[in-house]
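Data block for data-v5.cif (mmCIF, C-alpha atoms):
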data_final
loop_
_atom_site.label_atom_id
_atom_site.label_comp_id
_atom_site.auth_asym_id
_atom_site.auth_seq_id
_atom_site.Cartn_x
_atom_site.Cartn_y
_atom_site.Cartn_z
CA MET M 1 30.27 -25.91 1.31
CA ASN M 2 30.10 -23.35 -1.43
CA GLN M 3 26.96 -24.81 -2.92
CA THR M 4 25.21 -25.18 0.43
CA ALA M 5 26.04 -21.63 1.40
CA ALA M 6 24.95 -20.35 -2.02
CA ALA M 7 21.63 -22.19 -1.86
CA ALA M 8 20.98 -21.07 1.72
CA LYS M 9 21.85 -17.47 0.88
CA ALA M 10 19.53 -17.46 -2.14
CA CYS M 11 16.70 -19.06 -0.12
CA VAL M 12 16.92 -16.55 2.71
CA ALA M 13 17.14 -13.64 0.25
CA VAL M 14 14.07 -14.77 -1.69
CA ILE M 15 12.08 -15.33 1.53
CA LEU M 16 13.01 -11.82 2.73
CA LEU M 17 11.94 -10.32 -0.60
CA VAL M 18 8.58 -12.13 -0.59
CA ALA M 19 7.97 -11.23 3.05
CA GLY M 20 8.90 -7.60 2.41
CA GLY M 21 6.73 -7.33 -0.70
CA ALA M 22 3.74 -8.92 1.04
CA LYS M 23 4.10 -6.70 4.11
CA LEU M 24 4.43 -3.64 1.87
CA ALA M 25 1.08 -4.47 0.29
CA ASP M 26 -0.56 -4.83 3.71
CA LEU M 27 1.14 -2.13 5.77
CA SER M 28 -2.00 -1.48 7.85
CA GLY M 29 -2.20 -5.13 8.83
CA PHE M 30 1.48 -5.36 9.65
CA SER M 31 1.27 -2.10 11.63
CA ALA M 32 -1.54 -3.67 13.66
CA THR M 33 0.77 -6.57 14.54
CA LEU M 34 3.64 -4.21 15.39
CA ARG M 35 1.30 -2.24 17.63
CA LEU M 36 1.00 -5.32 19.84
CA PHE M 37 4.70 -5.12 20.68
CA LEU M 38 4.92 -1.38 21.19
CA PRO M 39 3.79 0.70 24.19
CA ARG M 40 0.08 1.48 24.12
CA LYS M 41 0.58 5.21 23.68
CA THR M 42 2.94 4.92 20.73
CA PRO M 43 1.76 7.40 18.07
CA HIS M 44 0.28 5.96 14.89
CA LEU M 45 2.97 7.65 12.83
CA ALA M 46 5.73 5.97 14.83
CA ILE M 47 4.06 2.56 14.41
CA ARG M 48 3.69 3.10 10.68
CA GLY M 49 7.30 4.30 10.52
CA SER M 50 8.48 1.16 12.31
CA ALA M 51 6.50 -0.99 9.90
CA VAL M 52 8.06 0.79 6.93
CA GLY M 53 11.49 0.34 8.55
CA VAL M 54 11.06 -3.42 8.92
CA VAL M 55 9.78 -3.73 5.35
CA ALA M 56 12.65 -1.62 4.02
CA ALA M 57 15.18 -3.70 5.96
CA GLU M 58 13.78 -6.93 4.52
CA LEU M 59 13.71 -5.62 0.97
CA VAL M 60 17.15 -4.00 1.09
CA LEU M 61 18.84 -6.94 2.79
CA GLY M 62 17.08 -9.50 0.57
CA GLY M 63 17.87 -7.58 -2.61
CA ALA M 64 21.46 -6.86 -1.63
CA SER M 65 22.05 -10.47 -0.62
CA LEU M 66 20.73 -11.69 -3.95
CA CYS M 67 22.52 -9.16 -6.16
CA TRP M 68 25.83 -8.88 -4.25
CA PRO M 69 26.31 -12.24 -2.53
CA GLY M 70 30.02 -11.56 -2.11
CA GLY M 71 29.34 -8.87 0.50
CA ARG M 72 30.41 -10.64 3.69
CA TRP M 73 29.03 -7.90 5.93
CA LEU M 74 25.49 -8.84 4.85
CA ASN M 75 25.64 -12.30 6.40
CA PRO M 76 25.82 -11.32 10.08
CA VAL M 77 23.23 -8.59 9.55
CA ILE M 78 20.78 -11.03 7.99
CA LEU M 79 21.56 -13.59 10.69
CA ALA M 80 20.79 -10.95 13.32
CA LEU M 81 17.52 -10.09 11.57
CA THR M 82 16.41 -13.73 11.49
CA CYS M 83 17.35 -14.08 15.17
CA ALA M 84 15.15 -11.06 15.84
CA PHE M 85 12.32 -12.88 14.04
CA VAL M 86 12.72 -15.82 16.42
CA ILE M 87 12.62 -13.51 19.44
CA VAL M 88 9.52 -11.74 18.12
CA THR M 89 7.67 -14.98 17.30
CA ALA M 90 8.59 -16.42 20.71
CA ALA M 91 7.36 -13.27 22.43
CA GLY M 92 4.23 -13.35 20.27
CA PHE M 93 3.65 -16.97 21.22
CA ALA M 94 4.08 -16.17 24.91
CA ILE M 95 1.94 -13.03 24.99
CA PHE M 96 -0.30 -12.96 21.90
CA ARG M 97 -0.84 -16.64 21.17
CA GLY M 98 -3.30 -17.19 18.33
CA ARG M 99 -3.06 -13.66 16.92
CA SER M 100 -2.04 -13.24 13.29
CA CYS M 101 1.69 -12.67 12.94
CA ARG M 102 1.35 -11.27 9.41
CA CYS M 103 4.92 -12.35 8.69
CA PHE M 104 3.88 -12.42 5.03
CA GLY M 105 1.23 -9.72 5.23
CA ALA M 106 -2.20 -10.76 3.97
CA LEU M 107 -0.55 -13.62 2.09
CA SER M 108 -0.49 -15.75 5.18
CA SER M 109 -2.99 -16.42 7.93
CA LYS M 110 -0.27 -17.85 10.15
CA LYS M 111 -0.43 -17.11 13.83
CA PHE M 112 1.95 -16.89 16.73
CA ASP M 113 2.31 -20.53 17.61
CA LEU M 114 5.03 -23.14 18.07
CA LEU M 115 5.17 -23.72 14.34
CA SER M 116 5.90 -20.05 13.71
CA ILE M 117 8.85 -20.25 16.10
CA ALA M 118 10.06 -23.38 14.30
CA ARG M 119 9.78 -21.62 10.92
CA SER M 120 11.80 -18.69 12.22
CA GLY M 121 14.32 -21.18 13.59
CA VAL M 122 14.69 -22.77 10.15
CA LEU M 123 15.33 -19.30 8.75
CA VAL M 124 18.07 -18.74 11.34
CA VAL M 125 19.68 -22.07 10.39
CA ALA M 126 19.57 -21.09 6.70
CA ALA M 127 21.03 -17.67 7.49
CA GLY M 128 23.71 -19.41 9.54
CA LEU M 129 24.56 -21.73 6.64
CA ALA M 130 24.72 -18.71 4.35
CA THR M 131 27.49 -17.24 6.47
CA GLY M 132 29.73 -20.11 5.33
CA ARG M 133 32.78 -19.30 3.27
CA LEU M 134 31.70 -18.77 -0.32
CA GLY M 135 35.09 -19.05 -1.94
CA PRO M 136 37.11 -16.86 -4.26
CA THR M 137 34.52 -16.82 -7.07
CA ALA M 138 31.84 -15.26 -4.92
CA ALA M 139 31.60 -12.00 -6.85
CA LEU M 140 28.97 -11.98 -9.58
CA SER M 141 29.54 -10.32 -12.93
CA ASP M 142 27.79 -7.02 -13.51
CA LEU M 143 25.39 -8.72 -15.89
CA ASP M 144 24.47 -11.39 -13.33
CA SER M 145 23.96 -8.75 -10.68
CA ALA M 146 21.77 -6.71 -12.99
CA LEU M 147 19.68 -9.73 -13.96
CA LEU M 148 19.22 -10.75 -10.33
CA ALA M 149 18.31 -7.16 -9.40
CA MET M 150 15.63 -7.29 -12.09
CA ALA M 151 14.42 -10.67 -10.85
CA SER M 152 14.27 -9.30 -7.29
CA ALA M 153 12.25 -6.29 -8.39
CA LEU M 154 9.86 -8.47 -10.37
CA LEU M 155 9.45 -10.86 -7.43
CA VAL M 156 8.60 -8.00 -5.07
CA LEU M 157 6.25 -6.46 -7.63
CA ALA M 158 4.48 -9.78 -8.27
CA THR M 159 4.06 -10.42 -4.55
CA PHE M 160 2.84 -6.88 -3.93
CA THR M 161 0.30 -7.08 -6.76
CA ALA M 162 -0.93 -10.52 -5.74
CA VAL M 163 -1.47 -9.51 -2.12
CA ARG M 164 -3.24 -6.31 -3.16
CA ALA M 165 -5.50 -8.32 -5.46
CA LEU M 166 -6.31 -10.72 -2.62
CA ASP M 167 -7.06 -7.84 -0.28
CA ALA M 168 -9.26 -6.12 -2.84
CA SER M 169 -11.20 -9.30 -3.59
CA ALA M 170 -11.89 -9.84 0.11
CA THR M 171 -12.76 -6.21 0.82
CA ASN M 172 -15.18 -6.01 -2.06
CA LEU M 173 -17.26 -9.00 -0.98
CA GLY M 174 -20.82 -7.87 -0.55
CA ARG M 175 -20.30 -4.42 -1.98
CA THR M 176 -22.71 -2.77 -4.33
CA MET D 1 31.34 -25.08 -11.26
CA ALA D 2 31.92 -21.45 -10.36
CA TYR D 3 30.02 -20.23 -7.36
CA SER D 4 28.60 -17.27 -9.25
CA VAL D 5 26.91 -19.50 -11.83
CA ILE D 6 25.45 -21.81 -9.18
CA PHE D 7 24.20 -18.86 -7.20
CA THR D 8 22.65 -17.12 -10.21
CA VAL D 9 20.86 -20.26 -11.41
CA ILE D 10 19.59 -21.15 -7.94
CA SER D 11 18.42 -17.59 -7.36
CA PHE D 12 16.51 -17.45 -10.63
CA LEU D 13 14.85 -20.78 -9.97
CA LEU D 14 13.91 -19.71 -6.47
CA CYS D 15 12.45 -16.42 -7.74
CA VAL D 16 10.31 -18.29 -10.26
CA ALA D 17 9.26 -20.83 -7.60
CA ALA D 18 8.40 -18.01 -5.19
CA VAL D 19 6.23 -16.23 -7.76
CA LEU D 20 4.42 -19.48 -8.56
CA ALA D 21 3.95 -20.19 -4.86
CA VAL D 22 2.57 -16.70 -4.21
CA PHE D 23 0.08 -16.96 -7.07
CA GLY D 24 -0.83 -20.50 -6.00
CA ILE D 25 -1.61 -19.30 -2.48
CA ILE D 26 -3.61 -16.38 -3.83
CA HIS D 27 -5.56 -18.73 -6.09
CA VAL D 28 -6.40 -21.00 -3.16
CA TYR D 29 -7.53 -18.06 -1.06
CA MET D 30 -9.61 -16.47 -3.81
CA SER D 31 -11.35 -19.65 -4.89
CA GLY D 32 -12.33 -20.91 -1.47
CA PRO D 33 -13.81 -19.85 1.84
CA ASP D 34 -10.37 -19.13 3.27
CA ALA D 35 -10.61 -15.58 1.94
CA ILE D 36 -13.15 -14.71 4.60
CA GLU D 37 -12.83 -17.42 7.24
CA ARG D 38 -9.50 -16.08 8.42
CA ASP D 39 -10.97 -12.69 9.26
CA GLY D 40 -11.98 -11.59 12.73
CA MET D 41 -10.60 -12.44 16.14
CA LEU D 42 -10.56 -15.48 18.36
CA SER D 43 -13.28 -15.44 20.95
CA GLY D 44 -11.62 -14.87 24.29
CA SER D 45 -8.79 -12.83 22.83
CA VAL D 46 -8.13 -9.27 23.94
CA ALA D 47 -9.96 -6.77 21.75
CA PRO D 48 -8.26 -3.55 20.68
CA SER D 49 -9.07 -0.58 22.86
CA TRP D 50 -9.89 2.86 21.50
CA SER D 51 -11.72 6.03 22.28
CA LEU D 52 -13.28 7.87 19.34
CA SER D 53 -15.98 10.43 18.76
CA ASP D 54 -19.04 9.57 16.68
CA SER D 55 -20.70 11.66 13.99
CA ALA D 56 -22.58 13.63 16.67
CA GLY D 57 -19.38 14.41 18.54
CA ARG D 58 -20.00 12.02 21.45
CA ILE D 59 -17.02 10.09 22.73
CA HIS D 60 -17.29 6.30 22.60
CA GLN D 61 -14.85 3.77 23.87
CA SER D 62 -14.09 0.14 23.48
CA PRO D 63 -14.21 -2.03 25.52
CA PRO D 64 -17.48 -0.76 27.00
CA ALA D 65 -17.75 0.31 30.62
CA SER D 66 -20.37 -2.38 31.24
CA GLY D 67 -22.30 -5.06 29.39
CA LEU D 68 -21.64 -6.04 25.82
CA GLN D 69 -20.67 -3.92 22.84
CA LEU D 70 -21.55 -4.86 19.29
CA ILE D 71 -19.13 -3.44 16.75
CA ILE D 72 -20.41 -3.41 13.18
CA PHE D 73 -17.83 -3.11 10.42
CA GLY D 74 -19.24 -1.74 7.18
CA ASN D 75 -21.56 0.96 5.96
CA HIS D 76 -25.09 1.40 4.68
CA ALA D 77 -23.96 1.21 1.03
CA LEU D 78 -23.03 -2.45 1.31
CA LYS D 79 -25.13 -4.77 -0.76
CA ALA D 80 -25.85 -7.03 2.20
CA PHE D 81 -26.53 -4.25 4.68
CA PRO D 82 -30.31 -3.93 4.16
CA SER D 83 -30.61 -7.63 5.02
CA LEU D 84 -29.23 -6.90 8.48
CA LEU D 85 -31.53 -4.08 9.48
CA GLU D 86 -34.35 -6.17 10.90
CA GLY D 87 -31.84 -8.24 12.82
CA LEU D 88 -30.26 -5.12 14.27
CA ARG D 89 -33.67 -3.71 15.18
CA GLU D 90 -34.63 -7.00 16.86
CA LEU D 91 -31.35 -7.09 18.74
CA SER D 92 -31.79 -3.50 19.84
CA ASP D 93 -35.23 -4.38 21.24
CA LEU D 94 -33.94 -7.61 22.79
CA ASP D 95 -31.17 -5.90 24.73
CA PRO D 96 -31.65 -2.12 24.98
CA ALA D 97 -28.48 -1.88 27.09
CA LEU D 98 -26.37 -3.28 24.27
CA ASP D 99 -23.87 -0.71 23.07
CA ILE D 100 -24.04 -0.80 19.27
CA VAL D 101 -21.27 0.94 17.36
CA VAL D 102 -20.92 1.15 13.60
CA LEU D 103 -17.31 1.51 12.49
CA SER D 104 -18.06 2.88 9.05
CA ASP D 105 -15.54 2.15 6.33
CA GLY D 106 -17.27 4.52 3.97
CA ASP D 107 -18.43 8.09 4.32
CA SER D 108 -19.70 8.19 7.91
CA SER D 109 -21.41 11.53 7.26
CA LEU D 110 -23.85 9.61 5.04
CA THR D 111 -24.13 6.51 7.22
CA ALA D 112 -25.31 8.38 10.33
CA PRO D 113 -28.35 10.02 8.61
CA PHE D 114 -29.23 6.62 7.13
CA PHE D 115 -29.62 5.14 10.61
CA GLU D 116 -31.63 8.19 11.70
CA VAL D 117 -34.06 7.71 8.81
CA ILE D 118 -34.67 4.02 9.53
CA GLY D 119 -35.23 4.65 13.23
CA LEU D 120 -31.89 3.36 14.51
CA GLY D 121 -30.44 6.75 15.23
CA HIS D 122 -29.23 5.64 18.66
CA PHE D 123 -26.49 3.60 16.97
CA ALA D 124 -23.15 5.35 17.23
CA VAL D 125 -21.58 5.82 13.80
CA ILE D 126 -17.83 6.27 13.90
CA ALA D 127 -15.43 6.69 11.00
CA GLY D 128 -13.34 3.52 11.09
CA SER D 129 -9.90 3.79 9.60
CA ARG D 130 -8.19 1.02 7.67
CA SER D 131 -5.68 0.64 10.48
CA LEU D 132 -8.47 0.20 13.03
CA TYR D 133 -10.03 -2.48 10.84
CA ALA D 134 -6.63 -4.15 10.65
CA ARG D 135 -6.38 -4.21 14.45
CA TYR D 136 -9.56 -6.28 14.48
CA ASN D 137 -8.25 -8.35 11.55
CA VAL D 138 -11.32 -7.42 9.50
CA ARG D 139 -11.15 -7.03 5.73
CA VAL D 140 -14.57 -8.26 4.67
CA SER D 141 -17.80 -6.54 5.55
CA PRO D 142 -20.41 -6.41 6.94
CA PHE D 143 -18.62 -7.98 9.89
CA MET D 144 -19.60 -7.99 13.55
CA ILE D 145 -17.62 -8.43 16.73
CA LEU D 146 -19.06 -8.58 20.22
CA VAL D 147 -16.79 -7.33 22.99
CA ASP D 148 -17.47 -7.55 26.72
CA SER D 149 -16.58 -5.04 29.40
CA ALA D 150 -13.43 -7.01 30.27
CA GLY D 151 -12.17 -6.29 26.78
CA ARG D 152 -12.54 -9.87 25.57
CA VAL D 153 -14.00 -10.83 22.22
CA ARG D 154 -17.16 -12.87 22.77
CA ALA D 155 -18.05 -13.58 19.14
CA SER D 156 -17.03 -12.46 15.68
CA SER D 157 -18.32 -13.24 12.23
CA LEU D 158 -19.16 -12.06 8.77
CA VAL D 159 -22.93 -11.46 8.68
CA ASN D 160 -25.12 -11.38 5.61
CA HIS D 161 -28.60 -12.05 7.01
CA ASP D 162 -30.69 -10.64 9.84
CA TRP D 163 -30.98 -13.97 11.66
CA GLN D 164 -27.20 -14.11 11.89
CA VAL D 165 -27.17 -10.91 13.92
CA THR D 166 -29.31 -12.33 16.70
CA THR D 167 -27.63 -15.73 16.49
CA LEU D 168 -24.22 -14.14 16.94
CA TYR D 169 -25.53 -12.25 19.96
CA LYS D 170 -26.87 -15.49 21.46
CA ILE D 171 -23.52 -17.18 20.84
CA ALA D 172 -21.84 -14.27 22.63
CA CYS D 173 -24.20 -14.63 25.59
CA LEU D 174 -23.62 -18.39 25.74
CA GLU D 175 -19.87 -18.03 25.46
CA PRO D 176 -18.27 -18.93 28.80
CA ASP D 177 -16.07 -16.35 30.40
CA PRO D 178 -12.70 -17.01 28.70
CA ALA D 179 -10.90 -16.06 31.89
CA ASP D 180 -12.51 -19.05 33.59
CA GLN D 181 -12.08 -21.53 30.76
CA PRO D 182 -8.91 -20.99 28.80
CA GLY D 183 -8.56 -23.00 25.62
CA THR D 184 -12.19 -22.76 24.61
CA ALA D 185 -11.57 -20.01 22.10
CA HIS D 186 -13.07 -20.21 18.61
CA ARG D 187 -11.76 -18.74 15.42
CA GLY D 188 -13.51 -15.69 14.01
CA ASN D 189 -16.45 -16.19 11.64
CA GLN D 190 -18.24 -18.49 14.03
CA LEU D 191 -21.44 -18.43 12.00
CA ALA D 192 -19.59 -19.49 8.88
CA LYS D 193 -18.24 -22.49 10.76
CA ALA D 194 -21.57 -23.38 12.35
#
Rewrite the coordinates I just gave you, this time as C-alpha cells.
Amino acid sequence: MNQTAAAAKACVAVILLVAGGAKLADLSGFSATLRLFLPRKTPHLAIRGSAVGVVAAELVLGGASLCWPGGRWLNPVILALTCAFVIVTAAGFAIFRGRSCRCFGALSSKKFDLLSIARSGVLVVAAGLATGRLGPTAALSDLDSALLAMASALLVLATFTAVRALDASATNLGRT
Amino acid sequence: MAYSVIFTVISFLLCVAAVLAVFGIIHVYMSGPDAIERDGMLSGSVAPSWSLSDSAGRIHQSPPASGLQLIIFGNHALKAFPSLLEGLRELSDLDPALDIVVLSDGDSSLTAPFFEVIGLGHFAVIAGSRSLYARYNVRVSPFMILVDSAGRVRASSLVNHDWQVTTLYKIACLEPDPADQPGTAHRGNQLAKA
C-alpha cells in the first residue's frame, strides 16, 4: 500500500506541476477557456485573476505534495481539486463540446470530449490512491525535500520554456 | 525499503520522464503541421462576441447584425499579407455587403493607413489583443474566420494566398446551417485539410 500510494502521489504531483507550468506559459489561452464558464460580463481582470488562481493552486499543491508528502492535509485538497477537474470537463463536454480545454495550456490540443472526462477520472483515482496510509516513514529528510523542490522548479521551468517556444514558433510563422 | 526513498526515486524518475515527454510533444508539434492545424475554431461552433471601436472610432460588433463577417487576424507587416490583397479585393467586389474586420495584432495605427493607401479603406481595423486572439484559438497569422449573424463560425483557416481567401468564402457560403445539421462541423484550417 505504501508503494502504491507513493507512486500515485508522485504521479499526481508531477501532472499538476506540468499542467500548472504549461498553463502559466499560456495564460491568455487558459483565460479564454475559463471565460466560457464564467458569466458573460465578468471583467477581464477577474478572469485573468481566476486563471492565475488555478495555476497557483496547481503549482503550490503539486510542489507541496512532491516536497512534503507526509502532509496528510494535502491529500483531500488534491482529491477535491481533481474532482473539480472532472466536473469542469463534464460541464465542458455538455456545453462546449469540441472546444479546446487547454488543460495543459498550448502543450495540448485536447478538447472537451469523453476522453477528457476519462482522463480526469483517472486523475481522481490516482489522487484517491494517494490518500492511502503512507506509513511511519512518510517524512522526507531535509535534503530529499530540497532536491525534490529543485526538481519541481526545474520541471515547471522546462515546461514553461517549452510551451513558450512552441507558442513563439507558431506565432512567428509568416512574419517578416 | 523506506517510503521516503521510494517516493524520492519515483518522483525524480517521473520529473525526468515528464520533461522528456514535454520536449517530445513540443518536437512533434514544431516539426509537423500540427503546430498550425490545431488553430481556429470548429465550423458550427459559437464564435466569441465582442464590441470594439476601430481606428476611426466606429463601433463594430461580432457577430454581425446581418450577413457574414470576415475576421482577419494579422497585420500588414506579415510576410504573407501582400499575397492576400488581391483575394481580399476580389472578395470585397464579390460581396459588397460582407463585413470585413481586421483584428490587427500589430500596431493598428499603421495598419489602417495601409488599407487606405491600397484602396481598401472600408475595412475596419481594430486592435486585437492577445486574449481576443486566444478566444478564437488563433496563434498563427494571417488567419481568417467567417462568422454568420447567428454567431456561428462558418469557416476558419490559415491563409497564405489570395485564392484561399475566396475559396474560404465559398466554403462558408456552402456550409450548411449548423443548427439544422449538427455533427457536420469541421476543424479549423479547412483549407489546410482540403
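Atom pair atom CA of M:Ala165 / atom CA of D:Leu146: separated by 29.0 Å.
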Shortest interatomic distance to D:Ile145 - which of D:Ser4, D:Ser55, D:Ser157, D:Thr167, counting only C-alpha atoms: D:Ser157
Wanna dump the stretch 93-150 of chain M-stretch 70-79 of chain M contacts at 7 Å for me, each residue with its shortest atom pair and the distance in Å to one decimal, counting only C-alpha atoms, ordered by chain and number, as a Markdown table?
| residue | atom | partner | partner_atom | distance |
| --- | --- | --- | --- | --- |
| M:Val124 | CA | M:Leu79 | CA | 6.3 |
| M:Ala127 | CA | M:Leu79 | CA | 5.2 |
| M:Gly128 | CA | M:Leu79 | CA | 6.3 |
| M:Ala130 | CA | M:Asn75 | CA | 6.8 |
| M:Thr131 | CA | M:Asn75 | CA | 5.3 |
| M:Ala138 | CA | M:Gly70 | CA | 5.0 |
| M:Ala139 | CA | M:Gly70 | CA | 5.0 |
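Ranking D:Ala97, D:Cys173, D:Val125, D:Leu158 by their shortest atom-to-atom distance to D:Asn137, with all atoms listed in the file included, puts D:Leu158 first.
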For chain D against chain M, with a cut-off of 9 Å and counting all atoms listed in the file, what is the closest atom pair and its distance in Å to one decimal for every residue that makes the cut, ordered by chain and number, as a tab-separated table?
residue	atom	partner	partner_atom	distance
D:Ala2	CA	M:Thr137	CA	6.2
D:Tyr3	CA	M:Thr137	CA	5.7
D:Ser4	CA	M:Leu140	CA	5.3
D:Val5	CA	M:Leu140	CA	8.1
D:Ile6	CA	M:Gln3	CA	7.1
D:Phe7	CA	M:Ala6	CA	5.4
D:Thr8	CA	M:Asp144	CA	6.8
D:Ile10	CA	M:Ala7	CA	6.5
D:Ser11	CA	M:Ala10	CA	5.3
D:Phe12	CA	M:Ala151	CA	7.1
D:Leu14	CA	M:Val14	CA	6.9
D:Cys15	CA	M:Leu155	CA	6.3
D:Val16	CA	M:Leu155	CA	8.0
D:Ala18	CA	M:Val14	CA	7.4
D:Val19	CA	M:Leu155	CA	6.3
D:Val22	CA	M:Thr159	CA	6.5
D:Phe23	CA	M:Ala162	CA	6.7
D:Ile25	CA	M:Leu107	CA	7.4
D:Ile26	CA	M:Leu166	CA	6.4
D:His27	CA	M:Leu166	CA	8.8
D:Tyr29	CA	M:Leu166	CA	7.6
D:Met30	CA	M:Leu166	CA	6.7
D:Ala35	CA	M:Ala170	CA	6.2
D:Ile36	CA	M:Ala170	CA	6.7
D:Arg38	CA	M:Ser109	CA	6.5
D:Asp39	CA	M:Ser109	CA	8.9
D:Met41	CA	M:Arg99	CA	7.7
D:Leu42	CA	M:Gly98	CA	7.5
D:Ser45	CA	M:Arg99	CA	8.3
D:Val46	CA	M:Phe96	CA	8.9
D:Ala77	CA	M:Thr176	CA	6.8
D:Leu78	CA	M:Arg175	CA	4.7
D:Lys79	CA	M:Thr176	CA	4.8
D:Ala80	CA	M:Gly174	CA	5.8
D:Phe81	CA	M:Gly174	CA	8.5
D:Arg130	CA	M:Ser28	CA	6.7
D:Ser131	CA	M:Ser28	CA	5.0
D:Leu132	CA	M:Ala32	CA	8.0
D:Tyr133	CA	M:Gly29	CA	8.5
D:Ala134	CA	M:Gly29	CA	4.9
D:Arg135	CA	M:Ala32	CA	4.9
D:Tyr136	CA	M:Ala32	CA	8.5
D:Asn137	CA	M:Gly29	CA	7.4
D:Val138	CA	M:Thr171	CA	8.9
D:Arg139	CA	M:Thr171	CA	5.2
D:Val140	CA	M:Thr171	CA	4.7
D:Ser141	CA	M:Thr171	CA	6.9
D:Pro142	CA	M:Gly174	CA	7.6
D:Asn160	CA	M:Gly174	CA	8.3
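With only C-alpha atoms as the atoms that count, the residue of D:Leu13, D:Leu120, D:Leu110, D:Ala65 with the shortest distance to D:Gly151 is D:Ala65.
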The distance between atom CA of M:Leu81 and atom CA of M:Gly53 is 12.4 Å
Distance in Å - atom CA of M:Gly49 versus atom CA of M:Arg102: 16.7 Å
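Take the PyMOL selection byres ((chain M and resi 56-62) around 6) and apply it to this file: it picks Ala13, Leu16, Leu17, Gly20, Val52, Gly53, Val54, Val55, Gly63, Ala64 and Ser65 of chain M.
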